[in-house]
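Student: Here it is: the structure, laid out below.
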Amino acid sequence: QSVAQEATTRKFEGHACWLVRKSDMPGIVSEWARSPRGSSQSAAALQSFAEEPLPKELTVWGLTEASLAEGGRGSYMTAPAPAQLVVLLLPGEVNTIKRIARSHDIDPLLACDLLCDWMVSMVPKRCRIHALEDVAALGLDMDRLNRVALN
């Protein structure tokens with residue numbers, strides 16, 4: 001069964017999130033960039049992300065489907081399962097998503113579900129998405145993400 005078929009037969013149960021150590025981020029994302037399952041465009045976007053300088057004010061978040069985390073949905077102190085998405089976030093009055101990386105093991109539709117669920121969990125804070133190149137390269141639905149981010 002393909003990743004896309006698996007995503008459509010599975011019920012989405014929400015997300016699990018945690019802060020990723022900045023020193024761990026390049027290795028996670030570089031591994032995804034080397035995957036033979038991705039396009040050259042997504043590999044380039046992921047490699048660019050892995051080489052991104054990480055200023056002190058940015059936070060790195062790991063996200064995965066709640067069904068893969070033993071404790072289910074919610075925030076964790078340490079990774080409850082391997083990350084399916086890694087997000088660089090600039091916290092503030094409005095949180096700014098600077099970069100997004102997606103494992104090739106997760107369907108873009110499910111990745112959007114994860115990101116949307118995560119952004120909704122931050123309400124009343126809003127998000128702004130500045131990761132336009134990542135969204136395009138990784139096949140994510142920018143219109144849907146923006147609707148959730150700005151509401």
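In the structure tokens, chains take letters A, B, ... by order of appearance, with residues numbered from 1 within each chain and ligands from 1 in the order shown.
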Could you pull the residues within 12 Å of Gln84 in chain A, counting only C-alpha atoms, minus those fewer than 4 positions along the same chain, as a PyMOL selection string?
Tutor: chain A and resi 15-18+28-29+31-32+61-66+68-69+79-80+100-108+110-115
Student: Considering only C-alpha atoms, return as a PyMOL selection string whatever protein or nucleic-acid residues lie within 7 Å of Leu46 in chain A, sequence-local ones (same chain, fewer than 2 positions apart) excluded.
Tutor: chain A and resi 29-30+33+42-44+48-50+101
Student: Can you pull out the residues contacting Arg147 in chain A? Cut-off 12 Å, using only C-alpha atoms, and skip same-chain residues under 4 positions away; I want them as a tab-separated table (two decimals) with N, CA, C and O atoms, in the first residue's frame.
Tutor:
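Once everything was written out, this is part-v1.tsv:
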```
chain	number	residue	atom	x	y	z
A	112	CYS	N	-0.25	18.29	6.04
A	112	CYS	CA	-1.09	19.49	6.23
A	112	CYS	C	-2.00	19.33	7.44
A	112	CYS	O	-2.19	20.27	8.21
A	115	LEU	N	0.18	19.95	10.51
A	115	LEU	CA	0.50	21.37	10.69
A	115	LEU	C	-0.72	22.17	11.12
A	115	LEU	O	-0.64	23.00	12.02
A	116	CYS	N	-1.86	21.90	10.50
A	116	CYS	CA	-3.08	22.63	10.85
A	116	CYS	C	-3.49	22.34	12.30
A	116	CYS	O	-3.83	23.26	13.05
A	119	MET	N	-1.14	24.21	14.59
A	119	MET	CA	-1.41	25.65	14.65
A	119	MET	C	-2.68	25.95	15.44
A	119	MET	O	-2.72	26.90	16.22
A	120	VAL	N	-3.71	25.12	15.27
A	120	VAL	CA	-4.95	25.31	16.02
A	120	VAL	C	-4.69	25.15	17.52
A	120	VAL	O	-5.28	25.86	18.34
A	126	ARG	N	-1.84	33.37	16.88
A	126	ARG	CA	-1.95	33.10	15.45
A	126	ARG	C	-0.57	32.79	14.91
A	126	ARG	O	0.44	33.04	15.55
A	127	CYS	N	-0.55	32.24	13.72
A	127	CYS	CA	0.71	31.93	13.04
A	127	CYS	C	0.74	32.64	11.70
A	127	CYS	O	-0.29	32.93	11.11
A	128	ARG	N	1.95	32.88	11.27
A	128	ARG	CA	2.19	33.42	9.93
A	128	ARG	C	3.19	32.46	9.29
A	128	ARG	O	4.14	32.04	9.93
A	129	ILE	N	2.96	32.13	8.03
A	129	ILE	CA	3.83	31.16	7.36
A	129	ILE	C	4.73	31.89	6.36
A	129	ILE	O	4.24	32.48	5.40
A	141	ASP	N	-0.42	22.22	0.96
A	141	ASP	CA	-1.52	23.08	0.50
A	141	ASP	C	-1.43	24.44	1.20
A	141	ASP	O	-1.91	24.60	2.32
A	142	MET	N	-0.82	25.43	0.52
A	142	MET	CA	-0.61	26.74	1.12
A	142	MET	C	-1.91	27.45	1.48
A	142	MET	O	-2.01	28.08	2.51
A	143	ASP	N	-2.93	27.34	0.61
A	143	ASP	CA	-4.21	28.00	0.90
A	143	ASP	C	-4.80	27.48	2.20
A	143	ASP	O	-5.24	28.25	3.05
A	151	ASN	N	-6.45	32.53	11.13
A	151	ASN	CA	-7.73	32.59	11.86
A	151	ASN	C	-7.55	32.43	13.34
A	151	ASN	O	-6.63	31.99	13.85
```
Student: Identify, with DSSP run on backbone atoms, the residues in range 34-94 of chain A assigned to strand (DSSP E), and express the list as a ChimeraX atom specification.
Tutor: /A:59-65,74-76,85-90,94
Student: Between A:Val20, A:Thr96, A:Glu133, A:Phe12, which residue has the minimum interatomic distance to Pro82 in chain A, considering only C-alpha atoms?
Tutor: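 Checking each candidate against Pro82 in chain A, we get A:Val20 as the closest.
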Student: Under the rule that only C-alpha atoms are counted, which of A:Ser67, A:Asn146, A:Ser121, A:Gln41 is the nearest residue to Asp134 in chain A?
Tutor: A:Gln41
Student: When distances are computed from only C-alpha atoms, which of A:Arg34, A:Arg99, A:Lys11, A:His130 shows the smallest separation from Pro53 in chain A?
Tutor: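 Distance minimum relative to Pro53 in chain A lands on A:Arg99.
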Student: Given only C-alpha atoms as the basis, pick out the residue of A:Ser40, A:Asn95, A:Ser23, A:Thr78 nearest to Ala137 in chain A.
Tutor: A:Ser40
Student: Separation of CA of Glu52 in chain A and CA of Leu132 in chain A, in Å?
Tutor: 15.2 Å
Student: Expressed in Å to a single decimal, how great is the separation between CA of Pro26 in chain A and CA of Pro55 in chain A?
Tutor: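 If I compute the distance from CA of Pro26 in chain A to CA of Pro55 in chain A, I get 13.9 Å.
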Student: If DSSP is run on the backbone, what residues of range 8-94 of chain A are alpha helix (DSSP H)? A reply as a ChimeraX atom specification would be ideal.
Tutor: /A:8-9,25-33,40-50
Student: For CA of Lys22 in chain A and CA of Ser35 in chain A, quote the distance in Å rounded to one decimal.
Tutor: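 Interatomic distance here is 21.4 Å.
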Student: So, counting only C-alpha atoms, which residue among A:Leu145, A:Ala131, A:Leu19, A:Leu150 is closest to Val94 in chain A?
Tutor: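 Smallest separation from Val94 in chain A among the options: A:Leu150.
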Student: Which residue, A:Gly27, A:Pro91, A:Ser75, A:Ala83, has the smallest gap to Lys56 in chain A when you use only C-alpha atoms?
Tutor: A:Pro91
